[in-house]
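With mmCIF, C-alpha atoms inside, this is structure02.cif:
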data_upload
loop_
_atom_site.group_PDB
_atom_site.id
_atom_site.type_symbol
_atom_site.label_atom_id
_atom_site.label_comp_id
_atom_site.auth_asym_id
_atom_site.auth_seq_id
_atom_site.Cartn_x
_atom_site.Cartn_y
_atom_site.Cartn_z
ATOM 1 C CA MET A 178 -3.579 31.796 -13.130
ATOM 2 C CA PHE A 179 -1.912 29.112 -10.963
ATOM 3 C CA THR A 180 -4.324 29.490 -8.023
ATOM 4 C CA LEU A 181 -5.617 25.938 -8.377
ATOM 5 C CA LYS A 182 -4.548 23.467 -5.712
ATOM 6 C CA ALA A 183 -3.268 19.929 -6.182
ATOM 7 C CA LYS A 184 -6.521 18.512 -4.762
ATOM 8 C CA GLU A 185 -8.439 20.221 -7.568
ATOM 9 C CA ILE A 186 -6.506 18.566 -10.391
ATOM 10 C CA MET A 187 -5.435 15.238 -8.860
ATOM 11 C CA GLU A 188 -6.894 11.917 -9.843
ATOM 12 C CA ARG A 189 -8.435 10.242 -6.844
ATOM 13 C CA ASP A 190 -6.677 7.063 -7.881
ATOM 14 C CA LEU A 191 -5.395 5.131 -4.895
ATOM 15 C CA THR A 192 -3.983 2.263 -6.936
ATOM 16 C CA SER A 193 -0.937 1.366 -4.884
ATOM 17 C CA LEU A 194 0.829 -1.545 -3.237
ATOM 18 C CA MET A 195 1.689 -2.368 0.341
ATOM 19 C CA GLU A 196 5.407 -2.510 1.021
ATOM 20 C CA ASP A 197 5.404 -6.283 1.646
ATOM 21 C CA GLU A 198 3.766 -7.178 -1.689
ATOM 22 C CA LYS A 199 5.894 -8.953 -4.279
ATOM 23 C CA VAL A 200 7.476 -7.557 -7.444
ATOM 24 C CA GLU A 201 5.367 -9.979 -9.464
ATOM 25 C CA ARG A 202 2.233 -8.267 -8.076
ATOM 26 C CA PHE A 203 3.684 -4.852 -9.008
ATOM 27 C CA ILE A 204 4.045 -5.995 -12.623
ATOM 28 C CA THR A 205 0.532 -7.484 -12.671
ATOM 29 C CA VAL A 206 -1.131 -4.363 -11.221
ATOM 30 C CA CYS A 207 0.767 -2.021 -13.554
ATOM 31 C CA ARG A 208 -0.172 -4.123 -16.582
ATOM 32 C CA ARG A 209 -3.848 -4.357 -15.588
ATOM 33 C CA HIS A 210 -4.187 -0.632 -14.983
ATOM 34 C CA ASN A 211 -1.825 0.501 -17.759
ATOM 35 C CA LEU A 212 0.492 2.212 -15.262
ATOM 36 C CA SER A 213 4.259 2.571 -15.261
ATOM 37 C CA ALA A 214 4.717 3.242 -11.548
ATOM 38 C CA LEU A 215 2.930 2.868 -8.229
ATOM 39 C CA PRO A 216 3.020 4.535 -4.826
ATOM 40 C CA ILE A 217 3.935 2.147 -2.007
ATOM 41 C CA VAL A 218 1.908 2.566 1.186
ATOM 42 C CA THR A 219 1.417 1.162 4.672
ATOM 43 C CA SER A 220 -1.861 -0.486 5.716
ATOM 44 C CA ASP A 221 -3.241 2.953 6.693
ATOM 45 C CA PHE A 222 -2.231 4.418 3.293
ATOM 46 C CA ARG A 223 0.780 6.392 4.522
ATOM 47 C CA LEU A 224 3.126 6.951 1.582
ATOM 48 C CA VAL A 225 6.439 5.183 2.226
ATOM 49 C CA GLY A 226 7.817 4.678 -1.260
ATOM 50 C CA TYR A 227 7.475 4.706 -4.998
ATOM 51 C CA LEU A 228 8.331 2.053 -7.561
ATOM 52 C CA SER A 229 8.545 2.370 -11.338
ATOM 53 C CA GLU A 230 9.181 0.070 -14.270
ATOM 54 C CA SER A 231 12.668 1.486 -14.618
ATOM 55 C CA GLY A 232 13.296 0.659 -10.945
ATOM 56 C CA ILE A 233 12.432 -2.978 -11.679
ATOM 57 C CA ILE A 234 14.598 -3.037 -14.812
ATOM 58 C CA ASP A 235 17.507 -1.600 -12.847
ATOM 59 C CA ALA A 236 16.970 -4.120 -10.031
ATOM 60 C CA SER A 237 16.829 -6.994 -12.539
ATOM 61 C CA LEU A 238 20.066 -6.004 -14.179
ATOM 62 C CA PRO A 239 21.910 -3.330 -12.190
ATOM 63 C CA GLY A 240 23.467 -0.774 -14.478
ATOM 64 C CA TYR A 241 21.342 -1.871 -17.486
ATOM 65 C CA LEU A 242 19.676 1.526 -17.955
ATOM 66 C CA LYS A 243 22.974 3.396 -17.732
ATOM 67 C CA LEU A 244 24.568 1.032 -20.243
ATOM 68 C CA MET A 245 21.691 1.633 -22.672
ATOM 69 C CA GLU A 246 22.762 5.289 -22.824
ATOM 70 C CA THR A 247 26.217 4.410 -24.171
ATOM 71 C CA THR A 248 26.901 3.987 -27.872
ATOM 72 C CA SER A 249 28.742 0.701 -27.336
ATOM 73 C CA PHE A 250 25.832 -0.977 -25.552
ATOM 74 C CA ILE A 251 24.846 -4.401 -26.868
ATOM 75 C CA PRO A 252 21.836 -5.674 -24.872
ATOM 76 C CA ASP A 253 21.884 -9.110 -23.315
ATOM 77 C CA SER A 254 18.205 -9.878 -22.830
ATOM 78 C CA HIS A 255 19.000 -13.280 -21.394
ATOM 79 C CA GLN A 256 20.743 -11.683 -18.405
ATOM 80 C CA PHE A 257 17.834 -9.287 -17.927
ATOM 81 C CA PHE A 258 15.175 -12.032 -17.909
ATOM 82 C CA ASN A 259 17.247 -14.171 -15.526
ATOM 83 C CA GLY A 260 17.663 -11.184 -13.226
ATOM 84 C CA LEU A 261 13.945 -10.436 -13.339
ATOM 85 C CA LYS A 262 13.055 -14.022 -12.426
ATOM 86 C CA LYS A 263 15.320 -13.745 -9.370
ATOM 87 C CA ILE A 264 13.472 -10.733 -7.950
ATOM 88 C CA LEU A 265 9.818 -11.555 -8.779
ATOM 89 C CA ASP A 266 9.200 -13.054 -5.337
ATOM 90 C CA ARG A 267 10.915 -10.298 -3.379
ATOM 91 C CA PRO A 268 8.973 -7.503 -1.649
ATOM 92 C CA VAL A 269 8.616 -4.189 -3.480
ATOM 93 C CA SER A 270 10.124 -2.469 -0.433
ATOM 94 C CA ASP A 271 13.507 -3.909 -1.485
ATOM 95 C CA PHE A 272 13.436 -1.820 -4.676
ATOM 96 C CA MET A 273 11.211 1.185 -4.012
ATOM 97 C CA ILE A 274 12.435 4.742 -3.717
ATOM 98 C CA LYS A 275 12.153 5.249 0.022
ATOM 99 C CA LYS A 276 11.821 9.041 -0.018
ATOM 100 C CA PRO A 277 9.576 9.604 -3.015
ATOM 101 C CA PHE A 278 8.723 12.954 -4.502
ATOM 102 C CA LYS A 279 5.266 14.008 -3.362
ATOM 103 C CA VAL A 280 3.074 17.057 -3.010
ATOM 104 C CA TYR A 281 0.463 17.924 -0.436
ATOM 105 C CA PHE A 282 -3.192 18.252 -1.431
ATOM 106 C CA ASP A 283 -3.172 22.011 -0.747
ATOM 107 C CA ASP A 284 0.039 22.778 -2.707
ATOM 108 C CA THR A 285 -0.420 25.065 -5.694
ATOM 109 C CA VAL A 286 -0.484 23.762 -9.244
ATOM 110 C CA LEU A 287 2.572 25.941 -9.916
ATOM 111 C CA HIS A 288 4.469 23.974 -7.251
ATOM 112 C CA VAL A 289 3.140 20.679 -8.654
ATOM 113 C CA ALA A 290 4.307 21.603 -12.173
ATOM 114 C CA ASP A 291 7.693 22.647 -10.806
ATOM 115 C CA VAL A 292 8.195 19.289 -9.047
ATOM 116 C CA ILE A 293 7.075 17.279 -12.088
ATOM 117 C CA ILE A 294 9.166 19.208 -14.621
ATOM 118 C CA LYS A 295 12.364 19.597 -12.580
ATOM 119 C CA ASN A 296 12.406 15.935 -11.595
ATOM 120 C CA LYS A 297 11.176 14.491 -14.911
ATOM 121 C CA LEU A 298 8.307 12.656 -13.221
ATOM 122 C CA LYS A 299 5.390 10.965 -14.958
ATOM 123 C CA VAL A 300 3.359 10.405 -11.799
ATOM 124 C CA LEU A 301 3.403 12.428 -8.590
ATOM 125 C CA PRO A 302 1.724 11.132 -5.412
ATOM 126 C CA VAL A 303 -0.508 13.572 -3.509
ATOM 127 C CA VAL A 304 -0.732 13.205 0.275
ATOM 128 C CA ASP A 305 -2.731 14.784 3.085
ATOM 129 C CA ASP A 306 -1.270 16.394 6.199
ATOM 130 C CA ASN A 307 -0.827 12.925 7.748
ATOM 131 C CA GLU A 308 1.228 11.691 4.756
ATOM 132 C CA ARG A 309 -1.651 9.456 3.591
ATOM 133 C CA LEU A 310 -2.043 8.936 -0.134
ATOM 134 C CA VAL A 311 -5.125 10.793 -1.409
ATOM 135 C CA GLY A 312 -4.424 10.755 -5.147
ATOM 136 C CA VAL A 313 -1.904 11.230 -7.920
ATOM 137 C CA ILE A 314 -1.156 13.833 -10.533
ATOM 138 C CA ARG A 315 0.027 12.498 -13.868
ATOM 139 C CA ARG A 316 2.231 14.582 -16.124
ATOM 140 C CA ILE A 317 -0.095 13.982 -19.074
ATOM 141 C CA GLY A 318 -3.025 15.240 -16.986
ATOM 142 C CA LEU A 319 -1.149 18.437 -16.205
ATOM 143 C CA LEU A 320 -0.329 18.925 -19.894
ATOM 144 C CA SER A 321 -3.886 18.134 -20.969
ATOM 145 C CA ARG A 322 -5.478 20.527 -18.459
ATOM 146 C CA THR A 323 -3.145 23.274 -19.594
ATOM 147 C CA LEU A 324 -4.059 22.604 -23.221
ATOM 148 C CA THR A 325 -7.805 22.747 -22.501
ATOM 149 C CA GLY A 326 -7.446 25.969 -20.503
ATOM 150 C CA GLU A 327 -8.390 24.450 -17.149
ATOM 151 C CA ILE A 328 -4.972 25.562 -15.927
ATOM 152 C CA GLU A 329 -4.294 29.080 -17.085
ATOM 153 C CA TYR A 330 -0.919 30.738 -17.268
ATOM 154 C CA GLU A 331 0.468 34.091 -18.304
ATOM 155 C CA ALA A 332 2.706 34.111 -21.344
#

Could you render the structure from this file as structure tokens?
Amino acid sequence: MFTLKAKEIMERDLTSLMEDEKVERFITVCRRHNLSALPIVTSDFRLVGYLSESGIIDASLPGYLKLMETTSFIPDSHQFFNGLKKILDRPVSDFMIKKPFKVYFDDTVLHVADVIIKNKLKVLPVVDDNERLVGVIRRIGLLSRTLTGEIEYEA
């Protein structure tokens, strides 16, 4: 059943950024690795934040994502691109979520699934007892492992 631990299903992917790196670097790393978000860490890999594409969009044009949900929204791409240019040279720490969702490497897969589903996350950082990043669990990985039977559940 759900006796697996986070460390057994996590990807040992430590792709992340330091908190003083620039937004432009965030975009470059995400594009290169086909990622939509990155953990933000200190020099000793302690997790201090999390930044996603939607965080950058919101920082470029505050309120843009909320406006997109309304029926009267008419996008102004020019404003968005101007806003993005203004933040490219700023540190990611200015825009990161400072208390990111995370799980510990010995948390159960049931807990991991609960955190991912309840908070609508695509990527969940996994940390050790010292809060150091040791991997990530992607929502698609959780779904795929359930589909293949690696993660079993009772109906």

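The residue that comes closest to A:Ser254, out of A:Pro268, A:Asp190, A:Lys276, A:Ser237 and on the basis of all atoms listed in the file, is A:Ser237.
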
Legend entry - Result set, the PyMOL selection byres ((chain A and resi 279) around 9) on current file, as JSON, numbers by chain: {"A": [224, 276, 277, 278, 280, 281, 289, 292, 301, 302, 303, 304, 313]}

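Taking all atoms listed in the file into account, A:Arg223 lies nearest to A:Met195 out of the set A:Val286, A:Ile317, A:Val200, A:Met195.
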
Inset, instruction - On this file, the PyMOL selection byres ((chain A and resi 180) around 12) gives some set of residues; write that set as a list in words. - result: Met178, Phe179, Leu181, Lys182, Ala183, Lys184, Glu185, Ile186, Asp283, Asp284, Thr285, Val286, Leu287, His288, Val289, Glu327, Ile328, Glu329 and Tyr330 of chain A

Inset, instruction - In the coordinates of the file, take the point (5.4, 5.4, -15.5) and a cut-off of 12 Å; then, counting all atoms listed in the file, name each qualifying protein, DNA or RNA residue as a ChimeraX atom specification. - result: /A:204,207-208,210-216,227-233,297-301,314-317

Inset, instruction - Name all residues at most 9 Å from A:Ser270 (count all atoms listed in the file; drop same-chain ones fewer than 6 positions away) and give them as an NGL selection string. - result: :A and (195-199 or 217 or 225-228)

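Of the listed residues A:Ile293, A:Val311, A:Ile264, A:Leu319, the one whose atoms come nearest to A:Phe203 is A:Ile264, with distances taken using all atoms listed in the file.
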
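Distances to A:Ser193 were evaluated for A:Leu261, A:Ala290, A:Val269, A:Leu324 using only C-alpha atoms, and the minimum falls at A:Val269.
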
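Taking atom CA of A:Thr192 and atom CA of A:Leu238 as endpoints, the distance between them is 26.4 Å.
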
Box time for stretch 262-272 of chain A: axis-aligned, enclosing all its listed atoms, 6 Å extra on each side; report centre and edge lengths in Å to one decimal, as JSON.
{"center_x": 12.0, "center_y": -7.9, "center_z": -6.4, "size_x": 18.7, "size_y": 24.2, "size_z": 24.0}

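Closest to A:Glu188 among A:Arg209, A:Gly318, A:Lys263, A:Asp221 is A:Gly318, based on all atoms listed in the file.
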